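Asker: File follows, run_3.cif with mmCIF, N, CA and C atoms and all ligand atoms:
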data_start
loop_
_atom_site.label_atom_id
_atom_site.label_comp_id
_atom_site.auth_asym_id
_atom_site.auth_seq_id
_atom_site.Cartn_x
_atom_site.Cartn_y
_atom_site.Cartn_z
N MET A 71 50.51 45.68 197.96
CA MET A 71 51.96 45.69 198.12
C MET A 71 52.46 47.13 197.96
N ASN A 72 53.23 47.59 198.91
CA ASN A 72 53.72 48.96 198.87
C ASN A 72 55.13 49.01 198.29
N LYS A 73 55.92 49.90 198.81
CA LYS A 73 57.30 50.09 198.31
C LYS A 73 58.19 48.87 198.56
N ILE A 74 59.35 48.88 197.94
CA ILE A 74 60.40 47.94 198.32
C ILE A 74 60.91 48.41 199.68
N GLU A 75 60.68 47.60 200.71
CA GLU A 75 61.05 48.00 202.07
C GLU A 75 62.56 47.89 202.25
N HIS A 76 63.08 46.73 201.82
CA HIS A 76 64.54 46.58 201.85
C HIS A 76 65.00 45.49 200.90
N ILE A 77 66.29 45.50 200.65
CA ILE A 77 66.95 44.44 199.90
C ILE A 77 67.91 43.76 200.86
N GLY A 78 67.79 42.43 200.96
CA GLY A 78 68.64 41.66 201.87
C GLY A 78 69.86 41.13 201.13
N ILE A 79 71.02 41.31 201.74
CA ILE A 79 72.28 40.88 201.13
C ILE A 79 72.98 39.92 202.08
N ALA A 80 73.28 38.73 201.60
CA ALA A 80 73.98 37.73 202.41
C ALA A 80 75.48 38.03 202.40
N VAL A 81 76.07 38.11 203.58
CA VAL A 81 77.50 38.42 203.68
C VAL A 81 78.20 37.41 204.59
N LYS A 82 79.49 37.24 204.35
CA LYS A 82 80.26 36.30 205.18
C LYS A 82 80.70 36.95 206.48
N ASP A 83 81.06 38.24 206.39
CA ASP A 83 81.64 38.93 207.54
C ASP A 83 80.92 40.27 207.69
N ILE A 84 80.01 40.33 208.64
CA ILE A 84 79.14 41.51 208.73
C ILE A 84 79.92 42.75 209.19
N THR A 85 80.97 42.54 209.95
CA THR A 85 81.79 43.69 210.39
C THR A 85 82.45 44.36 209.19
N ALA A 86 83.04 43.54 208.33
CA ALA A 86 83.68 44.07 207.13
C ALA A 86 82.63 44.66 206.18
N ALA A 87 81.49 43.97 206.05
CA ALA A 87 80.43 44.45 205.15
C ALA A 87 79.84 45.76 205.67
N ASN A 88 79.73 45.90 206.99
CA ASN A 88 79.24 47.17 207.56
C ASN A 88 80.15 48.32 207.14
N GLU A 89 81.46 48.08 207.15
CA GLU A 89 82.41 49.12 206.74
C GLU A 89 82.23 49.47 205.27
N THR A 90 82.09 48.44 204.46
CA THR A 90 81.91 48.66 203.02
C THR A 90 80.65 49.47 202.73
N TYR A 91 79.54 49.06 203.36
CA TYR A 91 78.27 49.74 203.08
C TYR A 91 78.18 51.12 203.74
N THR A 92 78.92 51.30 204.83
CA THR A 92 79.01 52.65 205.42
C THR A 92 79.71 53.60 204.45
N LYS A 93 80.77 53.09 203.80
CA LYS A 93 81.46 53.89 202.78
C LYS A 93 80.55 54.13 201.59
N LEU A 94 79.90 53.07 201.13
CA LEU A 94 79.05 53.16 199.94
C LEU A 94 77.92 54.17 200.13
N LEU A 95 77.26 54.08 201.28
CA LEU A 95 76.04 54.89 201.49
C LEU A 95 76.32 56.20 202.21
N GLY A 96 77.54 56.34 202.73
CA GLY A 96 77.91 57.59 203.38
C GLY A 96 77.35 57.75 204.78
N LYS A 97 76.84 56.66 205.35
CA LYS A 97 76.38 56.69 206.74
C LYS A 97 76.39 55.29 207.32
N PRO A 98 76.50 55.21 208.65
CA PRO A 98 76.57 53.89 209.29
C PRO A 98 75.19 53.24 209.39
N PRO A 99 75.14 51.95 209.71
CA PRO A 99 73.85 51.29 209.92
C PRO A 99 73.11 51.95 211.09
N TYR A 100 71.78 52.04 210.99
CA TYR A 100 71.02 52.62 212.09
C TYR A 100 70.64 51.57 213.12
N LYS A 101 70.87 50.32 212.77
CA LYS A 101 70.50 49.25 213.69
C LYS A 101 71.29 47.98 213.38
N SER A 102 71.71 47.30 214.45
CA SER A 102 72.27 45.96 214.30
C SER A 102 71.48 45.07 215.24
N GLU A 103 71.17 43.88 214.78
CA GLU A 103 70.25 43.05 215.55
C GLU A 103 70.49 41.58 215.26
N LYS A 104 70.52 40.76 216.31
CA LYS A 104 70.57 39.30 216.14
C LYS A 104 69.16 38.77 216.16
N VAL A 105 68.84 37.90 215.19
CA VAL A 105 67.53 37.23 215.20
C VAL A 105 67.81 35.76 215.50
N GLU A 106 67.60 35.41 216.77
CA GLU A 106 67.97 34.06 217.22
C GLU A 106 67.18 32.99 216.47
N SER A 107 65.90 33.26 216.21
CA SER A 107 65.05 32.25 215.58
C SER A 107 65.53 31.90 214.17
N GLU A 108 66.23 32.84 213.51
CA GLU A 108 66.72 32.61 212.16
C GLU A 108 68.23 32.35 212.12
N SER A 109 68.86 32.40 213.29
CA SER A 109 70.32 32.26 213.38
C SER A 109 71.05 33.22 212.44
N VAL A 110 70.65 34.48 212.51
CA VAL A 110 71.33 35.49 211.72
C VAL A 110 71.64 36.73 212.56
N GLU A 111 72.68 37.39 212.12
CA GLU A 111 72.98 38.71 212.64
C GLU A 111 72.71 39.67 211.48
N THR A 112 72.03 40.78 211.78
CA THR A 112 71.64 41.70 210.71
C THR A 112 72.11 43.11 211.02
N SER A 113 72.26 43.90 209.98
CA SER A 113 72.36 45.34 210.20
C SER A 113 71.59 46.03 209.08
N PHE A 114 71.06 47.21 209.42
CA PHE A 114 70.18 47.93 208.51
C PHE A 114 70.72 49.32 208.22
N PHE A 115 70.70 49.67 206.94
CA PHE A 115 71.08 51.01 206.48
C PHE A 115 69.85 51.64 205.83
N GLN A 116 69.59 52.88 206.17
CA GLN A 116 68.51 53.60 205.50
C GLN A 116 69.07 54.20 204.23
N THR A 117 68.35 54.03 203.13
CA THR A 117 68.76 54.68 201.90
C THR A 117 67.51 55.20 201.20
N GLY A 118 67.22 56.46 201.40
CA GLY A 118 65.96 57.03 200.91
C GLY A 118 64.80 56.37 201.62
N GLU A 119 63.80 55.95 200.83
CA GLU A 119 62.61 55.31 201.38
C GLU A 119 62.86 53.85 201.74
N SER A 120 63.95 53.29 201.22
CA SER A 120 64.19 51.87 201.38
C SER A 120 65.40 51.62 202.26
N LYS A 121 65.67 50.36 202.49
CA LYS A 121 66.78 49.98 203.36
C LYS A 121 67.61 48.88 202.72
N ILE A 122 68.81 48.77 203.21
CA ILE A 122 69.65 47.63 202.88
C ILE A 122 69.81 46.82 204.16
N GLU A 123 69.55 45.52 204.08
CA GLU A 123 69.72 44.63 205.22
C GLU A 123 70.89 43.70 204.93
N LEU A 124 71.92 43.75 205.76
CA LEU A 124 73.02 42.79 205.63
C LEU A 124 72.73 41.62 206.56
N LEU A 125 73.00 40.41 206.08
CA LEU A 125 72.72 39.21 206.87
C LEU A 125 73.94 38.31 206.93
N GLN A 126 74.34 37.99 208.16
CA GLN A 126 75.42 37.02 208.34
C GLN A 126 74.89 35.88 209.20
N ALA A 127 75.25 34.66 208.83
CA ALA A 127 74.80 33.49 209.59
C ALA A 127 75.50 33.44 210.95
N THR A 128 74.76 33.02 211.97
CA THR A 128 75.40 32.80 213.27
C THR A 128 75.52 31.31 213.60
N SER A 129 74.97 30.47 212.72
CA SER A 129 75.20 29.03 212.89
C SER A 129 75.26 28.37 211.53
N ALA A 130 75.95 27.23 211.48
CA ALA A 130 76.22 26.58 210.19
C ALA A 130 74.95 26.04 209.53
N ASP A 131 73.89 25.83 210.32
CA ASP A 131 72.67 25.26 209.71
C ASP A 131 71.60 26.33 209.43
N SER A 132 71.97 27.60 209.52
CA SER A 132 70.99 28.65 209.20
C SER A 132 70.80 28.74 207.69
N ALA A 133 69.67 29.29 207.30
CA ALA A 133 69.36 29.45 205.87
C ALA A 133 70.43 30.30 205.17
N ILE A 134 70.94 31.30 205.86
CA ILE A 134 71.95 32.18 205.26
C ILE A 134 73.27 31.42 205.05
N ALA A 135 73.64 30.57 206.01
CA ALA A 135 74.87 29.77 205.85
C ALA A 135 74.75 28.87 204.63
N LYS A 136 73.58 28.25 204.47
CA LYS A 136 73.37 27.36 203.32
C LYS A 136 73.40 28.14 202.01
N TYR A 137 72.82 29.31 202.04
CA TYR A 137 72.82 30.17 200.84
C TYR A 137 74.25 30.54 200.45
N LEU A 138 75.04 30.96 201.43
CA LEU A 138 76.42 31.38 201.17
C LEU A 138 77.23 30.22 200.61
N GLU A 139 76.98 29.03 201.16
CA GLU A 139 77.70 27.84 200.70
C GLU A 139 77.39 27.55 199.23
N LYS A 140 76.11 27.66 198.88
CA LYS A 140 75.67 27.34 197.52
C LYS A 140 76.00 28.43 196.51
N ARG A 141 75.75 29.69 196.89
CA ARG A 141 75.78 30.75 195.89
C ARG A 141 76.75 31.87 196.19
N GLY A 142 77.35 31.85 197.37
CA GLY A 142 78.28 32.92 197.72
C GLY A 142 77.54 34.18 198.14
N GLU A 143 78.31 35.23 198.38
CA GLU A 143 77.71 36.48 198.82
C GLU A 143 76.88 37.10 197.70
N GLY A 144 75.86 37.87 198.09
CA GLY A 144 75.08 38.57 197.08
C GLY A 144 73.67 38.85 197.56
N ILE A 145 72.86 39.34 196.61
CA ILE A 145 71.47 39.68 196.96
C ILE A 145 70.72 38.41 197.32
N HIS A 146 70.13 38.40 198.50
CA HIS A 146 69.47 37.22 199.04
C HIS A 146 67.96 37.29 198.90
N HIS A 147 67.38 38.46 199.14
CA HIS A 147 65.93 38.60 198.99
C HIS A 147 65.53 40.06 198.77
N ILE A 148 64.31 40.22 198.26
CA ILE A 148 63.70 41.55 198.15
C ILE A 148 62.47 41.54 199.04
N ALA A 149 62.37 42.58 199.87
CA ALA A 149 61.25 42.66 200.81
C ALA A 149 60.32 43.80 200.42
N PHE A 150 59.03 43.48 200.34
CA PHE A 150 58.01 44.47 200.05
C PHE A 150 57.21 44.78 201.31
N ALA A 151 56.94 46.05 201.52
CA ALA A 151 56.12 46.45 202.66
C ALA A 151 54.65 46.25 202.34
N THR A 152 53.91 45.81 203.33
CA THR A 152 52.46 45.71 203.18
C THR A 152 51.80 46.19 204.47
N ASP A 153 50.58 46.70 204.34
CA ASP A 153 49.83 47.14 205.51
C ASP A 153 49.01 46.00 206.12
N ASP A 154 48.83 44.93 205.33
CA ASP A 154 48.00 43.81 205.80
C ASP A 154 48.63 42.51 205.32
N ILE A 155 49.58 42.03 206.12
CA ILE A 155 50.40 40.90 205.67
C ILE A 155 49.55 39.63 205.50
N GLU A 156 48.58 39.41 206.39
CA GLU A 156 47.73 38.20 206.29
C GLU A 156 46.99 38.19 204.95
N LYS A 157 46.46 39.33 204.58
CA LYS A 157 45.69 39.44 203.36
C LYS A 157 46.58 39.25 202.12
N GLU A 158 47.77 39.86 202.12
CA GLU A 158 48.68 39.74 200.98
C GLU A 158 49.19 38.30 200.85
N VAL A 159 49.49 37.67 202.00
CA VAL A 159 49.95 36.27 201.97
C VAL A 159 48.85 35.40 201.35
N ALA A 160 47.61 35.59 201.80
CA ALA A 160 46.49 34.79 201.26
C ALA A 160 46.33 35.04 199.76
N ARG A 161 46.47 36.30 199.36
CA ARG A 161 46.34 36.64 197.94
C ARG A 161 47.40 35.93 197.10
N LEU A 162 48.65 35.97 197.58
CA LEU A 162 49.74 35.37 196.79
C LEU A 162 49.67 33.85 196.78
N ILE A 163 49.24 33.25 197.89
CA ILE A 163 49.06 31.79 197.90
C ILE A 163 47.97 31.42 196.88
N ALA A 164 46.88 32.20 196.85
CA ALA A 164 45.81 31.96 195.88
C ALA A 164 46.31 32.13 194.45
N GLU A 165 47.31 32.99 194.25
CA GLU A 165 47.90 33.20 192.93
C GLU A 165 48.91 32.12 192.56
N GLY A 166 49.19 31.22 193.50
CA GLY A 166 50.08 30.10 193.21
C GLY A 166 51.52 30.25 193.67
N PHE A 167 51.80 31.32 194.40
CA PHE A 167 53.15 31.47 194.95
C PHE A 167 53.35 30.48 196.10
N GLN A 168 54.55 29.94 196.19
CA GLN A 168 54.81 28.87 197.16
C GLN A 168 55.35 29.44 198.48
N PRO A 169 54.55 29.34 199.55
CA PRO A 169 55.00 29.88 200.83
C PRO A 169 56.11 29.03 201.43
N ILE A 170 56.96 29.65 202.24
CA ILE A 170 58.04 28.91 202.90
C ILE A 170 57.64 28.51 204.32
N SER A 171 56.77 29.29 204.96
CA SER A 171 56.32 28.91 206.29
C SER A 171 54.80 28.96 206.34
N ALA A 172 54.23 28.58 207.48
CA ALA A 172 52.77 28.52 207.59
C ALA A 172 52.17 29.89 207.91
N THR A 173 52.84 30.64 208.76
CA THR A 173 52.28 31.93 209.19
C THR A 173 53.39 32.98 209.24
N PRO A 174 53.01 34.26 209.19
CA PRO A 174 54.02 35.31 209.38
C PRO A 174 54.65 35.19 210.77
N LYS A 175 55.94 35.50 210.84
CA LYS A 175 56.57 35.47 212.16
C LYS A 175 57.40 36.73 212.38
N ARG A 176 57.83 36.90 213.60
CA ARG A 176 58.57 38.09 213.96
C ARG A 176 59.97 38.02 213.37
N GLY A 177 60.34 39.04 212.59
CA GLY A 177 61.69 39.09 212.01
C GLY A 177 62.48 40.24 212.60
N ALA A 178 63.50 40.65 211.89
CA ALA A 178 64.33 41.76 212.36
C ALA A 178 63.60 43.09 212.16
N ASP A 179 64.11 44.13 212.81
CA ASP A 179 63.67 45.51 212.59
C ASP A 179 62.18 45.71 212.90
N ASN A 180 61.72 45.01 213.95
CA ASN A 180 60.35 45.21 214.42
C ASN A 180 59.29 44.94 213.35
N LYS A 181 59.45 43.81 212.65
CA LYS A 181 58.54 43.50 211.55
C LYS A 181 57.96 42.10 211.70
N LEU A 182 56.75 41.94 211.20
CA LEU A 182 56.24 40.61 210.90
C LEU A 182 56.69 40.28 209.49
N VAL A 183 57.21 39.08 209.29
CA VAL A 183 57.75 38.75 207.97
C VAL A 183 57.20 37.41 207.48
N PHE A 184 57.18 37.27 206.17
CA PHE A 184 56.72 36.03 205.54
C PHE A 184 57.48 35.89 204.22
N PHE A 185 57.90 34.66 203.90
CA PHE A 185 58.71 34.46 202.70
C PHE A 185 58.03 33.55 201.68
N PHE A 186 58.26 33.85 200.41
CA PHE A 186 57.84 32.99 199.31
C PHE A 186 59.06 32.45 198.59
N HIS A 187 58.96 31.20 198.20
CA HIS A 187 60.08 30.47 197.61
C HIS A 187 60.56 31.13 196.31
N PRO A 188 61.88 31.17 196.11
CA PRO A 188 62.43 31.77 194.88
C PRO A 188 61.90 31.11 193.60
N LYS A 189 61.57 29.82 193.68
CA LYS A 189 61.02 29.13 192.51
C LYS A 189 59.76 29.82 191.99
N SER A 190 59.04 30.45 192.93
CA SER A 190 57.77 31.11 192.59
C SER A 190 57.98 32.41 191.84
N ALA A 191 59.16 33.01 191.99
CA ALA A 191 59.35 34.38 191.50
C ALA A 191 60.66 34.53 190.74
N ASN A 192 60.85 33.64 189.77
CA ASN A 192 61.99 33.76 188.84
C ASN A 192 63.32 33.81 189.56
N GLY A 193 63.44 32.99 190.61
CA GLY A 193 64.74 32.87 191.26
C GLY A 193 65.00 33.86 192.37
N VAL A 194 63.98 34.68 192.72
CA VAL A 194 64.19 35.67 193.77
C VAL A 194 63.34 35.31 194.99
N LEU A 195 64.01 35.19 196.13
CA LEU A 195 63.30 34.99 197.40
C LEU A 195 62.54 36.28 197.73
N ILE A 196 61.23 36.14 197.95
CA ILE A 196 60.38 37.32 198.20
C ILE A 196 59.98 37.35 199.67
N GLU A 197 60.20 38.49 200.30
CA GLU A 197 59.75 38.70 201.67
C GLU A 197 58.62 39.71 201.66
N LEU A 198 57.58 39.44 202.44
CA LEU A 198 56.58 40.46 202.74
C LEU A 198 56.83 40.89 204.17
N CYS A 199 56.70 42.16 204.46
CA CYS A 199 56.87 42.58 205.85
C CYS A 199 55.90 43.67 206.22
N GLN A 200 55.55 43.65 207.48
CA GLN A 200 54.62 44.64 208.03
C GLN A 200 55.16 45.10 209.36
N GLU A 201 55.21 46.40 209.52
CA GLU A 201 55.67 47.00 210.77
C GLU A 201 54.78 46.54 211.93
N ILE A 202 55.42 46.16 213.03
CA ILE A 202 54.64 45.85 214.24
C ILE A 202 54.43 47.19 214.96
N THR A 203 53.17 47.57 215.11
CA THR A 203 52.89 48.92 215.60
C THR A 203 52.71 49.00 217.11
N LYS A 204 52.29 47.89 217.72
CA LYS A 204 52.04 48.00 219.17
C LYS A 204 53.28 47.64 219.96
ZN ZN B 301 64.64 40.95 205.00
#
Let me see whether you can do it: turn the structure in this file into structure tokens.

Answerer:
Amino acid sequence: MNKIEHIGIAVKDITAANETYTKLLGKPPYKSEKVESESVETSFFQTGESKIELLQATSADSAIAKYLEKRGEGIHHIAFATDDIEKEVARLIAEGFQPISATPKRGADNKLVFFFHPKSANGVLIELCQEITK
């Protein structure tokens, strides 16, 4: 497991949140992207070695919509970078962490992503991600 790649923040209004985080970080997002498979709209801010990912639901049945309904806006997940996502996923499953899906899938920002249930990690949703290089 390498650095903290990004911290994901669930927001109700990504346009307003983009303005807030542009002020906070002193620069605009370097990327905005819709991930149809997850029904989310995202934007990414670079902050040093790590990033901030804002997430807004694009449909009422998306995971982010359900999260906002239950817990309101706030930190949604922490993502760790890995060079070998298959190996890290296997390691964590062997350690007893509860996976959310069967295999890594394509997420935002040109990454393969995989999630572990918050129950496994003291209430924090854990994302592993690996840059897609080809
Ligand atoms: Zn993420």

Asker: For ligand ZN 301 (chain B), collect every residue having any atom at a distance of at most 12 Å from a ligand atom (counting only C-alpha atoms and all ligand atoms); output as a PyMOL selection string.

Answerer: chain A and resi 74-80+105+108+110-114+120-126+134+145-151+176-186+195-200

Asker: Quick check, in Å to one decimal: how far apart do atom CA of A:Lys157 and atom C of A:Ser107 lie?

Answerer: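 Atom-to-atom, atom CA of A:Lys157 to atom C of A:Ser107, that is 23.8 Å.
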
Asker: Work out how far apart atom N of A:Gln116 and atom N of A:Glu103 are and give it in Å to one decimal.

Answerer: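 Atom N of A:Glu103 lies at a distance of 12.6 Å from atom N of A:Gln116.
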
Asker: So the first atom is atom C of A:Gly144 and the second is atom N of A:Asp131; what is the distance between them in Å, to one decimal place?

Answerer: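 These atoms are spaced 18.2 Å apart.
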
Asker: Please determine, counting only C-alpha atoms, which residue among A:Thr203, A:Ser102, A:Asn72, A:Asn192 has the shortest atom-to-atom distance to A:Phe115.

Answerer: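 Going through A:Thr203, A:Ser102, A:Asn72, A:Asn192 one by one, the smallest distance to A:Phe115 is for A:Ser102.
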
Asker: Would you please give, as a ChimeraX atom specification, all residues of chain A that DSSP assigns to helix (DSSP H, G or I) based on the backbone?

Answerer: /A:84-95,106-108,133-141,155-164,188-191

Asker: Skipping near chain neighbours, those fewer than 6 positions away, what residues fall within 10 Å of A:Glu89 using only C-alpha atoms, listed as a PyMOL selection string?

Answerer: chain A and resi 97-99

Asker: A:Ala135, A:Gly96, A:His187, A:Asp153: which is nearest A:Ser171, counting all atoms listed in the file?

Answerer: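 When distances to A:Ser171 are compared using all atoms listed in the file, the smallest one comes from A:His187.
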
Asker: Return the single residue from A:Tyr137, A:Glu201, A:Arg161, A:Ala127 that is closest to A:Ile84, with distances computed using all atoms listed in the file.

Answerer: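 Smallest distance to A:Ile84 is found for A:Ala127.
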
Asker: Using DSSP secondary structure from the backbone, list all strand (DSSP E) positions within chain A, as a VMD selection string.

Answerer: chain A and resid 74 to 80 101 to 105 110 to 117 120 to 127 144 to 151 175 to 176 181 to 186 195 to 201
